[in-house]
Amino acid sequence: MNKIFYALLIILFSSLPINATDLAHQTEDESAPIVFMTKNINPEGLNRIYEALKWEPDGKIAVKISTGEPPASNYLRPELIKDLVQKLKGTLVECNTAYNGSRAESEMHMQVIKDHGFLNIADVDIMDRDGQIELTVSKGKNLTGNLVGKNFKNYDSYLILSHFKGHAMAGFGGAIKNTSIGIASRSGKARIHSGGKSDTNPWGWLQDAFTESMAEAAKSVSDALGNGRNIRYINVMNRLSIDCDCNGHPAEPDIHDIGILGSRDPVALDQACVDLIKVAPGNASFVKRMNQLRAEHALEHGAIIKLGSRNYRLIFVD
């Protein structure tokens with residue numbers, strides 16, 4: 001009975017209007033970047049957020065997703081993203097994982113992609129299938145270069161389409177993680193995790209150096225894409241488990257679905273999502289994980305290196 005009552009409370013409070021004044025980094029300063037939001041988590045809501053960005057991407061468009069670890073991870077389902085991806089005539093892109101799961105090698109990874117239905121909606125490119133290239137990291141504290149999939153260079157514009165959720169190592173995963181770890185090759189992932197200390201061993205390094213390196217790697221991607229002109233970011237806040245989509249057996253969410261958010265600024269976007277988590281009913285386990293892993297340090301460092309701004313203006317498109 002207590003579980004049923006608790007679930008009803010979550011549904012009740014999730015249906016109430018979000019008061020932007022409760023969000024720690026929301027501002028009325030017109031110089032702050034805009035984060036657009038809808039509570040409608042469906043293809044129409046996703047398209048509405050994209051249209052609000054008023055972005056005219058150049059050339060060949062890549063849509064960066066996470067293909068999700070089997071058997072039961074919370075990756076963004078093809079039926080949610082299909083309409084937008086096809087409207088853009090985009091290619092879904094991904095890279096292999098650093099850990100030895102079902103997506104560590106290209107052939108196995110492509111089978112997962114097929115099993116999860118992505119080949120039914122668009123072409124899919126595992127960008128590090130044929131190797132890697134190095135992007136320059138300007139004025140990085142930890143990194144001087146960022147190793148990304150070789151096929152990164154084959155696309156002119158990137159839409160970073162992320163499932164916002166918790167993460168066992170980063171605390172949360174959103175736009176910054178999907179742009180850094182997500183686009184990095186296997187060696188690049190090790191370099192980011194190790195704070196630039198190793199291209200072969202991703203495990204057991206300093207936490208702050210890891211989260212700083214995510215921000216630095218994301219900045220290198222943005223810089224390579226016309227200093228941010230040819231990249232935009234959308235986060236979908238559904239199935240808000242404390243576990244990442246790299247976990248095939250994630251914990252069930254304690255937080256009700258929140259919405260879809262988009263911005264040209266990845267720091268502002270991820271900060272808005274974090275702020276929404278902090279005011280959401282049932283957030284204790286998610287907030288605990290973020291605090292234990294100093295997750296917001298990635299946002300602090302992102303602001304310092306001018307990847308983006310932690311302050312934002314939240315605008316609803318509903």
# chains A, B, ... in the order shown; residues from 1 in each chain; ligands from 1
>>> residues_around(residues="A:Ser198", least_positions_apart="5", cutoff="10 Å", atoms="only C-alpha atoms", output="compact mmCIF listing (two decimals) with N, CA and C atoms, in the first residue's frame")
# COMPACT_ATOMS: atom_id res chain seq x y z
N SER A 187 40.09 4.10 -27.13
CA SER A 187 41.28 4.71 -26.52
C SER A 187 40.96 6.09 -25.99
N GLY A 188 40.12 6.82 -26.71
CA GLY A 188 39.72 8.14 -26.26
C GLY A 188 38.93 8.10 -24.98
N LYS A 189 38.09 7.09 -24.83
CA LYS A 189 37.35 6.93 -23.58
C LYS A 189 38.30 6.69 -22.42
N ALA A 190 39.32 5.86 -22.63
CA ALA A 190 40.31 5.62 -21.58
C ALA A 190 41.04 6.92 -21.23
N ARG A 191 41.36 7.71 -22.24
CA ARG A 191 42.07 8.97 -21.99
C ARG A 191 41.21 9.92 -21.15
N ILE A 192 39.92 10.00 -21.46
CA ILE A 192 39.03 10.89 -20.70
C ILE A 192 38.87 10.38 -19.27
N HIS A 193 38.59 9.09 -19.12
CA HIS A 193 38.41 8.52 -17.78
C HIS A 193 39.65 8.72 -16.90
N TRP A 203 40.20 2.81 -15.86
CA TRP A 203 39.62 2.59 -14.54
C TRP A 203 40.58 2.99 -13.42
N TRP A 205 41.07 6.11 -11.75
CA TRP A 205 41.77 7.38 -11.73
C TRP A 205 41.02 8.41 -10.88
>>> residues_around(residues="A:Ser285", least_positions_apart="2", cutoff="12 Å", atoms="only C-alpha atoms", output="PDB file with N, CA, C and O atoms, in the first residue's frame")
ATOM      1  N   LYS A 165      20.100  10.696 -17.522  1.00  0.00           N
ATOM      2  CA  LYS A 165      19.920   9.656 -16.507  1.00  0.00           C
ATOM      3  C   LYS A 165      21.093   9.725 -15.543  1.00  0.00           C
ATOM      4  O   LYS A 165      21.992  10.552 -15.694  1.00  0.00           O
ATOM      5  N   GLY A 166      21.081   8.862 -14.543  1.00  0.00           N
ATOM      6  CA  GLY A 166      22.215   8.774 -13.643  1.00  0.00           C
ATOM      7  C   GLY A 166      23.359   8.014 -14.292  1.00  0.00           C
ATOM      8  O   GLY A 166      23.244   7.493 -15.402  1.00  0.00           O
ATOM      9  N   HIS A 167      24.473   7.949 -13.567  1.00  0.00           N
ATOM     10  CA  HIS A 167      25.625   7.211 -14.091  1.00  0.00           C
ATOM     11  C   HIS A 167      26.504   6.782 -12.927  1.00  0.00           C
ATOM     12  O   HIS A 167      26.750   7.575 -12.009  1.00  0.00           O
ATOM     13  N   ALA A 168      26.981   5.541 -12.975  1.00  0.00           N
ATOM     14  CA  ALA A 168      27.733   4.973 -11.859  1.00  0.00           C
ATOM     15  C   ALA A 168      29.103   5.600 -11.680  1.00  0.00           C
ATOM     16  O   ALA A 168      29.706   5.481 -10.607  1.00  0.00           O
ATOM     17  N   GLY A 171      28.021  10.261 -12.267  1.00  0.00           N
ATOM     18  CA  GLY A 171      26.946  10.820 -11.457  1.00  0.00           C
ATOM     19  C   GLY A 171      25.692  11.047 -12.262  1.00  0.00           C
ATOM     20  O   GLY A 171      24.594  10.702 -11.849  1.00  0.00           O
ATOM     21  N   PHE A 172      25.841  11.661 -13.431  1.00  0.00           N
ATOM     22  CA  PHE A 172      24.740  11.774 -14.384  1.00  0.00           C
ATOM     23  C   PHE A 172      25.325  11.758 -15.793  1.00  0.00           C
ATOM     24  O   PHE A 172      26.504  12.064 -16.009  1.00  0.00           O
ATOM     25  N   LEU A 240      14.171   7.811 -15.580  1.00  0.00           N
ATOM     26  CA  LEU A 240      15.251   8.474 -14.868  1.00  0.00           C
ATOM     27  C   LEU A 240      15.865   7.581 -13.789  1.00  0.00           C
ATOM     28  O   LEU A 240      15.842   7.877 -12.602  1.00  0.00           O
ATOM     29  N   SER A 241      16.448   6.500 -14.249  1.00  0.00           N
ATOM     30  CA  SER A 241      17.185   5.597 -13.366  1.00  0.00           C
ATOM     31  C   SER A 241      18.463   6.268 -12.884  1.00  0.00           C
ATOM     32  O   SER A 241      18.992   7.176 -13.532  1.00  0.00           O
ATOM     33  N   ILE A 242      19.000   5.797 -11.772  1.00  0.00           N
ATOM     34  CA  ILE A 242      20.320   6.260 -11.335  1.00  0.00           C
ATOM     35  C   ILE A 242      21.421   5.603 -12.159  1.00  0.00           C
ATOM     36  O   ILE A 242      22.589   5.970 -12.033  1.00  0.00           O
ATOM     37  N   ASP A 243      21.063   4.652 -13.011  1.00  0.00           N
ATOM     38  CA  ASP A 243      22.042   3.915 -13.808  1.00  0.00           C
ATOM     39  C   ASP A 243      22.005   4.341 -15.267  1.00  0.00           C
ATOM     40  O   ASP A 243      20.955   4.681 -15.813  1.00  0.00           O
ATOM     41  N   ALA A 251      18.676   0.088 -12.323  1.00  0.00           N
ATOM     42  CA  ALA A 251      17.688   0.234 -11.256  1.00  0.00           C
ATOM     43  C   ALA A 251      16.438   0.899 -11.816  1.00  0.00           C
ATOM     44  O   ALA A 251      16.503   1.745 -12.703  1.00  0.00           O
ATOM     45  N   GLU A 252      15.307   0.524 -11.279  1.00  0.00           N
ATOM     46  CA  GLU A 252      14.055   1.166 -11.679  1.00  0.00           C
ATOM     47  C   GLU A 252      14.067   2.632 -11.214  1.00  0.00           C
ATOM     48  O   GLU A 252      14.565   2.948 -10.143  1.00  0.00           O
ATOM     49  N   PRO A 253      13.508   3.527 -12.015  1.00  0.00           N
ATOM     50  CA  PRO A 253      13.482   4.947 -11.635  1.00  0.00           C
ATOM     51  C   PRO A 253      12.622   5.186 -10.392  1.00  0.00           C
ATOM     52  O   PRO A 253      11.589   4.539 -10.205  1.00  0.00           O
ATOM     53  N   ASP A 254      13.053   6.132  -9.572  1.00  0.00           N
ATOM     54  CA  ASP A 254      12.244   6.625  -8.457  1.00  0.00           C
ATOM     55  C   ASP A 254      11.554   7.940  -8.817  1.00  0.00           C
ATOM     56  O   ASP A 254      10.688   8.405  -8.078  1.00  0.00           O
ATOM     57  N   ILE A 255      11.973   8.544  -9.929  1.00  0.00           N
ATOM     58  CA  ILE A 255      11.461   9.853 -10.351  1.00  0.00           C
ATOM     59  C   ILE A 255      10.582   9.673 -11.577  1.00  0.00           C
ATOM     60  O   ILE A 255      10.930   8.939 -12.498  1.00  0.00           O
ATOM     61  N   ILE A 277      16.077  17.681 -11.517  1.00  0.00           N
ATOM     62  CA  ILE A 277      16.187  16.491 -10.663  1.00  0.00           C
ATOM     63  C   ILE A 277      16.126  16.896  -9.192  1.00  0.00           C
ATOM     64  O   ILE A 277      15.470  16.236  -8.372  1.00  0.00           O
ATOM     65  N   LYS A 278      16.780  17.986  -8.854  1.00  0.00           N
ATOM     66  CA  LYS A 278      16.867  18.397  -7.448  1.00  0.00           C
ATOM     67  C   LYS A 278      15.530  18.826  -6.860  1.00  0.00           C
ATOM     68  O   LYS A 278      15.393  18.857  -5.631  1.00  0.00           O
ATOM     69  N   ALA A 280      12.609  17.354  -7.986  1.00  0.00           N
ATOM     70  CA  ALA A 280      11.645  16.309  -8.359  1.00  0.00           C
ATOM     71  C   ALA A 280      11.325  15.407  -7.164  1.00  0.00           C
ATOM     72  O   ALA A 280      12.227  15.022  -6.407  1.00  0.00           O
ATOM     73  N   PRO A 281      10.065  15.054  -6.968  1.00  0.00           N
ATOM     74  CA  PRO A 281       9.718  14.068  -5.941  1.00  0.00           C
ATOM     75  C   PRO A 281      10.422  12.741  -6.217  1.00  0.00           C
ATOM     76  O   PRO A 281      10.576  12.335  -7.365  1.00  0.00           O
ATOM     77  N   GLY A 282      10.864  12.085  -5.146  1.00  0.00           N
ATOM     78  CA  GLY A 282      11.521  10.783  -5.293  1.00  0.00           C
ATOM     79  C   GLY A 282      12.963  10.861  -5.740  1.00  0.00           C
ATOM     80  O   GLY A 282      13.520   9.878  -6.221  1.00  0.00           O
ATOM     81  N   ASN A 283      13.599  12.021  -5.533  1.00  0.00           N
ATOM     82  CA  ASN A 283      14.933  12.242  -6.104  1.00  0.00           C
ATOM     83  C   ASN A 283      16.091  11.790  -5.223  1.00  0.00           C
ATOM     84  O   ASN A 283      17.255  11.944  -5.604  1.00  0.00           O
ATOM     85  N   VAL A 287      20.019  12.152  -6.412  1.00  0.00           N
ATOM     86  CA  VAL A 287      20.813  13.244  -5.864  1.00  0.00           C
ATOM     87  C   VAL A 287      21.994  12.702  -5.060  1.00  0.00           C
ATOM     88  O   VAL A 287      23.116  13.235  -5.136  1.00  0.00           O
ATOM     89  N   LYS A 288      21.775  11.627  -4.324  1.00  0.00           N
ATOM     90  CA  LYS A 288      22.867  11.016  -3.561  1.00  0.00           C
ATOM     91  C   LYS A 288      23.987  10.576  -4.489  1.00  0.00           C
ATOM     92  O   LYS A 288      25.172  10.806  -4.209  1.00  0.00           O
ATOM     93  N   ARG A 289      23.618   9.938  -5.593  1.00  0.00           N
ATOM     94  CA  ARG A 289      24.644   9.483  -6.538  1.00  0.00           C
ATOM     95  C   ARG A 289      25.403  10.672  -7.121  1.00  0.00           C
ATOM     96  O   ARG A 289      26.640  10.629  -7.217  1.00  0.00           O
ATOM     97  N   MET A 290      24.708  11.721  -7.502  1.00  0.00           N
ATOM     98  CA  MET A 290      25.398  12.893  -8.047  1.00  0.00           C
ATOM     99  C   MET A 290      26.338  13.511  -7.022  1.00  0.00           C
ATOM    100  O   MET A 290      27.472  13.885  -7.351  1.00  0.00           O
ATOM    101  N   ASN A 291      25.885  13.614  -5.783  1.00  0.00           N
ATOM    102  CA  ASN A 291      26.712  14.229  -4.746  1.00  0.00           C
ATOM    103  C   ASN A 291      27.939  13.379  -4.427  1.00  0.00           C
ATOM    104  O   ASN A 291      29.044  13.914  -4.231  1.00  0.00           O
ATOM    105  N   GLN A 292      27.749  12.065  -4.342  1.00  0.00           N
ATOM    106  CA  GLN A 292      28.870  11.180  -4.028  1.00  0.00           C
ATOM    107  C   GLN A 292      29.977  11.283  -5.072  1.00  0.00           C
ATOM    108  O   GLN A 292      31.164  11.167  -4.743  1.00  0.00           O
TER     109      GLN A 292
END
>>> closest_residue(among="A:Glu79, A:Ser73, A:Phe36, A:Ile160", to="A:Asn120", atoms="only C-alpha atoms")
A:Glu79
>>> select_by_dssp(residues="stretch 64-298 of chain A", states="helix (DSSP H, G or I)", output="ChimeraX atom specification")
/A:78-88,106-115,118-120,150-154,175-180,186-193,207-224,266-278,284-292,297-298
>>> atom_distance(atom1="atom CA of A:Ala175", atom2="atom CA of A:Glu107")
26.3 Å
>>> residues_around(residues="A:Glu105", least_positions_apart="5", cutoff="10 Å", atoms="only C-alpha atoms", output="list of chain:residue names")
A:Cys95, A:Asn96, A:Thr97, A:Ala98, A:Asn100, A:Met110, A:Ile126, A:Asp128, A:Arg129, A:Arg186
>>> write_last_selection(atoms="C-alpha atoms", output="compact mmCIF listing (two decimals), in the first residue's frame")
# COMPACT_ATOMS: atom_id res chain seq x y z
CA CYS A 95 31.25 4.57 -30.91
CA ASN A 96 32.30 1.33 -29.25
CA THR A 97 32.47 1.05 -25.46
CA ALA A 98 35.55 0.99 -23.25
CA ASN A 100 33.94 -5.38 -22.46
CA MET A 110 26.05 -3.58 -34.91
CA ILE A 126 29.94 3.15 -35.66
CA ASP A 128 35.48 4.22 -34.64
CA ARG A 129 34.96 1.04 -36.66
CA ARG A 186 37.80 3.19 -27.07
>>> closest_residue(among="A:Gly302, A:Pro78, A:Gly140, A:Gly149", to="A:Pro43", atoms="only C-alpha atoms")
A:Pro78
>>> closest_residue(among="A:Ser102, A:Thr179, A:Ile49, A:Asp130", to="A:Val35", atoms="only C-alpha atoms")
A:Ile49
